[in-house]
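Written out below as structure tokens is the structure these notes cover.
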Amino acid sequence: TQEVIPYLKYVRGEHLSSNHWVELYRLIGLPRTTDIAKLRVSELLGISDKIIANVAALKELNSRAQGEVSIRDALTELEVWGAGAVFSLSKYEDTSNIEVQIIKEWKDMLTQVGDHQSLLQSLKDSPYFKGFADKAGLWRPQNQAFLPRSYQLHNQRTCCI
């Protein structure tokens, strides 16, 4: 029983989603209907042999769960930014006396877009990215389509000022 104590850290964690809990229960032989809030240490000690036998799988499950939390948090950050990103516009009269709107704080906006592209790339490099590829893919084409036009607008803005 004493030898299971270092491994109990793999059978707990707020980073585990409901799917992870189901997988954990399967690995250690607990019924799917087990209520984690009512689970006692004595019950875990009673199945210590299964915990020890599956410690490698439990470590991998915990690593995957933590990686997925990081990806999920990063995608949420991106969604919040996308929902709240606003262009501040300024009126400008070009050389033909035509009024145009130019974007204020353009460098800041391009920096933010670049930061988010880097974030997406780092997510893509994660071994746990596969389950989030569709969700992340919603952002990648938008950013790629946005940047070439944004650089063109930046160049127009630079030449007009």
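Here's how to read the names in the structure tokens: chain A, B, ... by the order shown, residue numbers from 1 in each chain, ligand numbers from 1 in the order shown.
The environment of segment 33-38 of chain A within 10 Å, counting only C-alpha atoms and disregarding residues fewer than 3 places along the same chain, consists of Arg12, Trp21, Val22, Tyr25, Leu30 and Val41 of chain A.
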Emit the selected residues as a short mmCIF file (atom, residue, chain, number, x, y, z; two decimals), in the first residue's frame, including C-alpha atoms.
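Final file, out-v2.cif:
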```cif
data_model
loop_
_atom_site.label_atom_id
_atom_site.label_comp_id
_atom_site.auth_asym_id
_atom_site.auth_seq_id
_atom_site.Cartn_x
_atom_site.Cartn_y
_atom_site.Cartn_z
CA ARG A 12 -6.56 13.45 -9.16
CA TRP A 21 -12.01 10.79 -15.79
CA VAL A 22 -13.78 8.04 -17.74
CA TYR A 25 -11.65 4.99 -14.17
CA LEU A 30 -13.49 1.93 -11.09
CA VAL A 41 -8.43 7.46 -0.42
#
```
Hey, what does DSSP flag as strand (DSSP E or B) within segment 33-160 of chain A? Can you give it to me as a PDB file with N, CA and C atoms, in the first residue's frame?
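Once written, out.pdb looks like this:
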```pdb
ATOM      1  N   LEU A  89     -10.625  53.968 -36.095  1.00  0.00           N
ATOM      2  CA  LEU A  89     -10.459  54.603 -37.399  1.00  0.00           C
ATOM      3  C   LEU A  89     -10.302  56.110 -37.263  1.00  0.00           C
ATOM      4  N   SER A  90      -9.586  56.650 -38.202  1.00  0.00           N
ATOM      5  CA  SER A  90      -9.382  58.086 -38.255  1.00  0.00           C
ATOM      6  C   SER A  90      -9.654  58.549 -39.684  1.00  0.00           C
ATOM      7  N   LYS A  91     -10.323  59.674 -39.814  1.00  0.00           N
ATOM      8  CA  LYS A  91     -10.580  60.216 -41.158  1.00  0.00           C
ATOM      9  C   LYS A  91      -9.303  60.854 -41.681  1.00  0.00           C
ATOM     10  N   TYR A  92      -9.093  60.652 -42.971  1.00  0.00           N
ATOM     11  CA  TYR A  92      -7.912  61.199 -43.618  1.00  0.00           C
ATOM     12  C   TYR A  92      -8.312  61.604 -45.031  1.00  0.00           C
ATOM     13  N   GLU A  93      -7.787  62.695 -45.485  1.00  0.00           N
ATOM     14  CA  GLU A  93      -8.076  63.160 -46.837  1.00  0.00           C
ATOM     15  C   GLU A  93      -6.825  62.917 -47.678  1.00  0.00           C
ATOM     16  N   GLU A  99     -11.945  61.562 -48.904  1.00  0.00           N
ATOM     17  CA  GLU A  99     -11.838  61.174 -47.498  1.00  0.00           C
ATOM     18  C   GLU A  99     -11.798  59.661 -47.379  1.00  0.00           C
ATOM     19  N   VAL A 100     -10.811  59.165 -46.653  1.00  0.00           N
ATOM     20  CA  VAL A 100     -10.672  57.725 -46.416  1.00  0.00           C
ATOM     21  C   VAL A 100     -10.512  57.501 -44.911  1.00  0.00           C
ATOM     22  N   GLN A 101     -10.832  56.302 -44.496  1.00  0.00           N
ATOM     23  CA  GLN A 101     -10.643  55.918 -43.099  1.00  0.00           C
ATOM     24  C   GLN A 101      -9.333  55.136 -43.006  1.00  0.00           C
ATOM     25  N   ILE A 102      -8.489  55.539 -42.089  1.00  0.00           N
ATOM     26  CA  ILE A 102      -7.270  54.768 -41.844  1.00  0.00           C
ATOM     27  C   ILE A 102      -7.317  54.237 -40.412  1.00  0.00           C
ATOM     28  N   ILE A 103      -6.608  53.168 -40.212  1.00  0.00           N
ATOM     29  CA  ILE A 103      -6.619  52.512 -38.913  1.00  0.00           C
ATOM     30  C   ILE A 103      -5.560  53.146 -38.018  1.00  0.00           C
TER      31      ILE A 103
END
```
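Take the candidates A:Ile28, A:Leu78, A:Leu120, A:Ile98 and check each one against Ala53 of chain A using only C-alpha atoms; the shortest distance goes to A:Ile28.
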By how many Å are atom CA of Ala57 of chain A and atom CA of Arg26 of chain A apart?
-> 11.0 Å
Have a look at A:Leu8, A:Val69, A:Leu75, A:Leu16 and name the one nearest to Glu43 of chain A; count only C-alpha atoms.
-> A:Leu8
Counting only C-alpha atoms, figure out which residue out of A:Lys135, A:Gly67, A:Ala74, A:Asn54 gets nearest to Ser118 of chain A.
->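 Answer, going by the shortest atom-to-atom distance: A:Ala74.
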Check the DSSP output for the backbone and give back, as JSON, numbers by chain, the residues of segment 2-159 of chain A in alpha helix (DSSP H).
-> {"A": [18, 19, 20, 21, 22, 23, 24, 25, 26, 27, 28, 41, 42, 43, 44, 45, 46, 48, 49, 50, 51, 52, 53, 55, 56, 57, 58, 59, 60, 61, 62, 63, 64, 65, 66, 67, 68, 69, 70, 71, 72, 73, 74, 75, 76, 77, 78, 79, 80, 81, 82, 83, 84, 106, 107, 108, 109, 110, 111, 112, 113, 114, 115, 116, 117, 118, 119, 120, 121, 122, 123, 124, 133, 134, 135, 136, 137, 140, 141, 142, 143, 144, 145, 146, 147, 148, 149, 150, 151, 152, 153, 154, 155, 156, 157, 158, 159]}
Tell me which protein, DNA and RNA residues are within 9 Å of Val55 of chain A, counting only C-alpha atoms, leaving out same-chain ones fewer than 5 positions away, and put them as a ChimeraX atom specification.
-> /A:7,10,50,60
Selection file, all heavy atoms, as a short mmCIF file (atom, residue, chain, number, x, y, z; two decimals), in the first residue's frame:
```cif
data_model
loop_
_atom_site.label_atom_id
_atom_site.label_comp_id
_atom_site.auth_asym_id
_atom_site.auth_seq_id
_atom_site.Cartn_x
_atom_site.Cartn_y
_atom_site.Cartn_z
N TYR A 7 2.10 7.63 -6.50
CA TYR A 7 1.34 7.60 -7.75
C TYR A 7 -0.08 8.12 -7.60
O TYR A 7 -0.78 8.27 -8.60
CB TYR A 7 1.33 6.18 -8.32
CG TYR A 7 2.72 5.61 -8.49
CD1 TYR A 7 3.08 4.41 -7.89
CD2 TYR A 7 3.68 6.28 -9.23
CE1 TYR A 7 4.35 3.89 -8.03
CE2 TYR A 7 4.95 5.77 -9.38
CZ TYR A 7 5.28 4.58 -8.78
OH TYR A 7 6.55 4.08 -8.92
N TYR A 10 -1.50 10.98 -9.74
CA TYR A 10 -1.99 10.77 -11.10
C TYR A 10 -3.47 10.42 -11.16
O TYR A 10 -4.03 10.30 -12.25
CB TYR A 10 -1.17 9.67 -11.80
CG TYR A 10 0.29 10.01 -11.91
CD1 TYR A 10 1.25 9.19 -11.34
CD2 TYR A 10 0.72 11.17 -12.56
CE1 TYR A 10 2.59 9.50 -11.42
CE2 TYR A 10 2.05 11.48 -12.64
CZ TYR A 10 2.99 10.65 -12.08
OH TYR A 10 4.33 10.97 -12.16
N LYS A 50 -3.77 -1.98 -9.26
CA LYS A 50 -4.14 -1.51 -10.61
C LYS A 50 -3.52 -0.15 -10.91
O LYS A 50 -3.14 0.12 -12.05
CB LYS A 50 -5.66 -1.44 -10.74
CG LYS A 50 -6.30 -2.81 -10.74
CD LYS A 50 -7.80 -2.70 -10.92
CE LYS A 50 -8.42 -4.10 -10.89
NZ LYS A 50 -9.86 -4.07 -11.06
N GLU A 60 0.78 9.40 -18.73
CA GLU A 60 0.48 9.90 -20.07
C GLU A 60 -0.87 10.60 -20.10
O GLU A 60 -1.01 11.66 -20.71
CB GLU A 60 0.50 8.74 -21.07
CG GLU A 60 0.48 9.16 -22.53
CD GLU A 60 -0.89 9.57 -23.05
OE1 GLU A 60 -1.90 8.99 -22.62
OE2 GLU A 60 -0.96 10.50 -23.88
#
```
Nearby residues (only C-alpha atoms) at most 9 Å from segment 105-108 of chain A, same-chain spacing under 2 positions excluded, as a PyMOL selection string | chain A and resi 87-88+102-103+110-113+154
Min atom-atom distance to Leu123 of chain A from the set A:Ala83, A:Glu77, A:Ile71, A:Trp139, counting only C-alpha atoms, belongs to A:Ile71
For atom CA of Val11 of chain A and atom CA of Leu58 of chain A, the interatomic separation in Å (one decimal) | 7.4 Å
Between atom CA of Asp115 of chain A and atom CA of Leu138 of chain A, measure the distance and give it in Å to one decimal.
->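 Distance between the two atoms: 16.5 Å.
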At a cut-off of 7 Å, using only C-alpha atoms, what residues contact Thr1 of chain A? Leave out same-chain residues fewer than 3 positions from it and give the result as an mmCIF file with N, CA, C and O atoms, in the first residue's frame.
```cif
data_model
loop_
_atom_site.group_PDB
_atom_site.id
_atom_site.type_symbol
_atom_site.label_atom_id
_atom_site.label_comp_id
_atom_site.auth_asym_id
_atom_site.auth_seq_id
_atom_site.Cartn_x
_atom_site.Cartn_y
_atom_site.Cartn_z
ATOM 1 N N VAL A 4 2.096 2.779 -3.446
ATOM 2 C CA VAL A 4 1.160 3.473 -4.332
ATOM 3 C C VAL A 4 1.102 4.976 -4.045
ATOM 4 O O VAL A 4 0.715 5.756 -4.917
ATOM 5 N N LEU A 45 -6.615 3.067 -2.248
ATOM 6 C CA LEU A 45 -5.638 2.142 -1.669
ATOM 7 C C LEU A 45 -6.052 0.694 -1.907
ATOM 8 O O LEU A 45 -5.199 -0.171 -2.074
ATOM 9 N N SER A 48 -4.733 -0.345 -5.295
ATOM 10 C CA SER A 48 -3.356 0.121 -5.500
ATOM 11 C C SER A 48 -2.606 -0.698 -6.536
ATOM 12 O O SER A 48 -1.799 -0.159 -7.294
#
```
